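First the structure, in the form of structure tokens, and then the observations on it.
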Amino acid sequence: MTAPHGAWPSPLSAAEVARTGLHLGAVALDRGGRRVWWAQGDPADGGRVAVLRRDEDGTVTELAPSLDARTRVHEYGGGSWLPVGDGAVLADAGDQRWYAVDAPGAAPRPLTPDVAARPRLADPDRLDEDAVVLVAEDLSGPEPARALVRVALDGSGVTELFRGPRFLAAPRTSPDGRRLTWISWEHPDMPWQRTLLWTADVGADHRLSGVRVVAGGESRESLVHPGWTADGTLLVVSDRSGWWNLHRVEETAAGEVAGGGAELVALLPEAAEQGFPPWVFGTTSWAALDDGRVALLHGSATYALDVLDPRTGALTALDLPFTAYAAVLAGAGSQIAAVSASATMPPTVVVVDAQTSAVQVVQPSGEVPDAAVLPVPHAVTVPSAGGRVVHAHRYPPTNALVDPDGGQDEPAPHVLFVHGGPTSQSQAAFSPEVAYFTSRGIGVVDVQYGGSTGYGRAYREALDGAWGIVDVEDCVAVARWLVEAGLAPADRIGIRGGSAGGFTVLACLTGTDAFSAGTSYYGVADLRALAEDTHDFESRYLDSLVGPLPAAADVYAARAPLNHVDGLSCPVLLLQGADDLVVPRAQAEQFAEALQRKGLPHALVVFPGEQHGFRKAENVATSLEAELSFYGQVWGFDPPGVPRLELVRPDAEEG
């Protein structure tokens, strides 16, 4: 091998990575599991989300080519469509109205008013034969307000069913249509910290009665993914054991149980996660099957899809080749629809037979590259500060087309990937972005720093009051481990992340000397500005991660990377959406100005029309090429076929 690490010729171009990276969303099945629906965002189509259906004969049709199925409730959206008959109801990103499409190709019929003050709606479920129930978000008043509403399928109107709590999610109707369940939470909590579980009776007049809290109450418990089995048993995922596990809800007379009117019975107690943080609407870890059993996603470093009987607790393991799953699932008959992945398979819509484990591939998110350039992730645990351990997945440099003998454990430049959230997780699976770097000779380590999900509530809460400390210590620990293990030179370790991950990147760069380059995708640079200028869903999130304002004002200032640019000693690349409302572009601009004053090489690339996360294929490709060129200039290699990023080099000649 003659090319240096970072300059290996790779068949994976940035344009190919962007073009083939469909964003697969929610899935659904009709009765009996004969037809499957799914949503996909296509970067080549500006990120537009299409809802598609595959029939029994294999025919695939798009339901509403004129609509972009996205809602902006909580800004992150999700829960933007639901199959109804031969068609669906869905939101449109442009006007945030909901429409009915009676069959593929039929003209969309508006279901909600075309008025400026209309509430935004999300998270639908069928309420009765004539209507769906959704969460409504009204931002027209002095304070945001949410409610559960009934939307008639004939377009005759919207009726409010329930309001009160600050946040509502996951309204789910029992199979007989007589009961409704949902969750709520209040500021300053997030739904992975404390929620309440509600139930109500649905009357013939479509009104709710007997509305009450059945779990959550006085305890600090995260209850997520409520729903019903085929025989009408109410289930919910609770973390009262320290892990999100699925529970059966046994209701009692109101007030008999502290904190609510129900006992919760764990169905499969285990030190593994059976739930996911509901950043967006429509997430779930389980789905009902017709025989009373449920399909269940569970795991930690890797995940499995199995079948659980809520009546007996018996678990039937499915023989499947997947190691990672999205937080979406659907069941009907004995069929299970999921979005699954493995080290050699990109996220793919699949239908699994619960009886035989047979898998039908419905829609891959992209083409699979030559296996010779696909890295196999290795789960690692690394000692960190304070006696903690940090979990991570390492993807070694891999390109058998260039280096048939391997060389995966030779010292090579590495980039730490820091996921956003920070209450989130990166599962071990094929990633075209990861392969883009590893196929060029750059190793990747996906760091599941303290605060990540997937490893229990205690691990998730390790970041409470310590954002900018624990995550930084854990990333530094992984960087030091790479050097000590002889896997990376100390002067060729970079770090990259987006949103909250971008904050950790900037905090690592301003507070430590463990990295020689860093890339921030729409990262948080000013914590106080974020707290004062973000949307309602996250507006009190920092109370737990940093501290409540104004009492913790000094802590916000001390943790903000923007206030510590003097600690920087390496180049930085900033990538930002011009229309980002979650982390406004002003934060990236202010950080670039500080880099200019500091005299460090840097670049700020702003993408018009992009919000919080890049959707357009051309922008995804440009950002990847800019990042690779950036590392090449910092670490002294010239990646072939990649346009050179122009770095700002204050007080120095351009080079």
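Every chain in the structure tokens has a letter given in the order shown (A, B, ...), and although residue numbers restart at 1 in each chain, ligands are simply numbered from 1 in the order shown.
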* Report the residues of segment 209-456 of chain A whose backbone DSSP state falls under alpha helix (DSSP H), written as a VMD selection string. => chain A and resid 432 to 438
* Find the residues around Pro347 of chain A up to 9 Å (only C-alpha atoms counted), leave out those fewer than 3 positions away in its own chain, and share them as a VMD selection string. => chain A and resid 22 to 24 324 to 326 339 to 342 363 to 366 429 to 431
Using C-alpha atoms, can you write the selected residues to a file as an mmCIF file, in the first residue's frame?
```cif
data_model
loop_
_atom_site.group_PDB
_atom_site.id
_atom_site.type_symbol
_atom_site.label_atom_id
_atom_site.label_comp_id
_atom_site.auth_asym_id
_atom_site.auth_seq_id
_atom_site.Cartn_x
_atom_site.Cartn_y
_atom_site.Cartn_z
ATOM 1 C CA LEU A 22 -32.864 7.558 2.228
ATOM 2 C CA HIS A 23 -34.152 8.491 5.671
ATOM 3 C CA LEU A 24 -36.579 5.709 6.564
ATOM 4 C CA ALA A 324 -29.725 -2.417 15.103
ATOM 5 C CA TYR A 325 -33.262 -1.095 14.780
ATOM 6 C CA ALA A 326 -34.987 2.250 14.486
ATOM 7 C CA VAL A 339 -36.485 -0.689 10.066
ATOM 8 C CA SER A 340 -33.429 -2.837 10.716
ATOM 9 C CA ALA A 341 -29.706 -2.785 9.961
ATOM 10 C CA SER A 342 -26.452 -4.668 10.481
ATOM 11 C CA GLN A 363 -36.976 -0.916 0.974
ATOM 12 C CA PRO A 364 -33.263 -0.448 1.686
ATOM 13 C CA SER A 365 -32.101 3.070 2.482
ATOM 14 C CA GLY A 366 -29.353 2.749 -0.105
ATOM 15 C CA ALA A 429 -24.557 -0.808 12.190
ATOM 16 C CA PHE A 430 -23.623 0.082 8.648
ATOM 17 C CA SER A 431 -23.316 3.818 8.134
#
```
* To do: Give me the residues within 8 Å of Asn563 of chain A as a PyMOL selection string, counting only C-alpha atoms and dropping any in the same chain fewer than 5 places off.
  => chain A and resi 526+557-558
Can I get the selection written as a PDB file, in the first residue's frame, with N, CA and C atoms?
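Printed below is selection-v7.pdb as written:
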```
ATOM      1  N   ASP A 526     -23.078  28.625  22.683  1.00  0.00           N
ATOM      2  CA  ASP A 526     -23.449  29.528  23.775  1.00  0.00           C
ATOM      3  C   ASP A 526     -24.656  28.941  24.486  1.00  0.00           C
ATOM      4  N   ALA A 557     -22.182  30.257  31.789  1.00  0.00           N
ATOM      5  CA  ALA A 557     -21.051  30.995  31.227  1.00  0.00           C
ATOM      6  C   ALA A 557     -19.778  30.162  31.263  1.00  0.00           C
ATOM      7  N   ALA A 558     -19.592  29.420  32.356  1.00  0.00           N
ATOM      8  CA  ALA A 558     -18.366  28.629  32.505  1.00  0.00           C
ATOM      9  C   ALA A 558     -18.322  27.461  31.531  1.00  0.00           C
TER      10      ALA A 558
END
```
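Close contacts of Pro226 of chain A, defined as residues with an atom at most 9 Å away when counting only C-alpha atoms, with chain neighbours fewer than 3 positions off set aside, comprise Ala170, Pro171, Arg172, Thr181, Trp182, Ile183, Leu197, Leu223, Leu234, Leu235, Val236, Val237 and Thr284 of chain A.
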* Surrounding residues of Trp279 of chain A excluding itself and chain neighbours under 2 positions, 10 Å, only C-alpha atoms, as a PyMOL selection string -> chain A and resi 74+76-78+190-192+276-277+281-283+421+423-424+537
Taking C-alpha atoms for each residue, export the selection above as an mmCIF file, in the first residue's frame.
```
data_model
loop_
_atom_site.group_PDB
_atom_site.id
_atom_site.type_symbol
_atom_site.label_atom_id
_atom_site.label_comp_id
_atom_site.auth_asym_id
_atom_site.auth_seq_id
_atom_site.Cartn_x
_atom_site.Cartn_y
_atom_site.Cartn_z
ATOM 1 C CA HIS A 74 -42.151 20.161 19.059
ATOM 2 C CA TYR A 76 -38.647 17.784 15.685
ATOM 3 C CA GLY A 77 -41.962 16.434 14.400
ATOM 4 C CA GLY A 78 -42.605 12.769 13.719
ATOM 5 C CA MET A 190 -38.214 15.750 29.436
ATOM 6 C CA PRO A 191 -40.148 12.595 28.548
ATOM 7 C CA TRP A 192 -37.158 10.369 29.340
ATOM 8 C CA PHE A 276 -36.216 4.559 23.282
ATOM 9 C CA PRO A 277 -36.192 8.268 24.110
ATOM 10 C CA PHE A 281 -43.626 11.486 17.844
ATOM 11 C CA GLY A 282 -44.492 8.001 16.712
ATOM 12 C CA THR A 283 -41.633 6.111 18.353
ATOM 13 C CA GLY A 421 -29.308 14.576 21.877
ATOM 14 C CA THR A 423 -30.023 11.818 25.365
ATOM 15 C CA SER A 424 -29.624 9.493 22.403
ATOM 16 C CA PHE A 537 -39.952 21.360 23.853
#
```
* Structure fact -> Using only C-alpha atoms, the residue out of A:Ala485, A:Val389, A:Leu318, A:Ala26 with shortest distance to Tyr449 of chain A is A:Val389
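Separating atom CA of Ala412 of chain A from atom CA of Gly6 of chain A is a distance of 8.4 Å.
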* Give me the residues within 9 Å of Ala603 of chain A as number ranges by chain, counting only C-alpha atoms and dropping any in the same chain fewer than 4 places off. => A: 571-575, 592, 630, 645-649
Go ahead and dump the residues you just picked, C-alpha atoms, as a short mmCIF file (atom, residue, chain, number, x, y, z; two decimals), in the first residue's frame.
```cif
data_model
loop_
_atom_site.label_atom_id
_atom_site.label_comp_id
_atom_site.auth_asym_id
_atom_site.auth_seq_id
_atom_site.Cartn_x
_atom_site.Cartn_y
_atom_site.Cartn_z
CA PRO A 571 -8.30 24.21 13.55
CA VAL A 572 -12.11 24.01 13.55
CA LEU A 573 -14.69 23.45 10.81
CA LEU A 574 -18.21 24.83 11.39
CA LEU A 575 -21.13 23.59 9.25
CA ALA A 592 -16.05 31.79 13.77
CA PHE A 630 -10.32 19.80 6.31
CA LEU A 645 -11.93 23.52 1.27
CA GLU A 646 -10.73 27.09 1.59
CA LEU A 647 -9.67 27.59 5.18
CA VAL A 648 -9.46 31.03 6.70
CA ARG A 649 -5.90 31.40 7.92
#
```
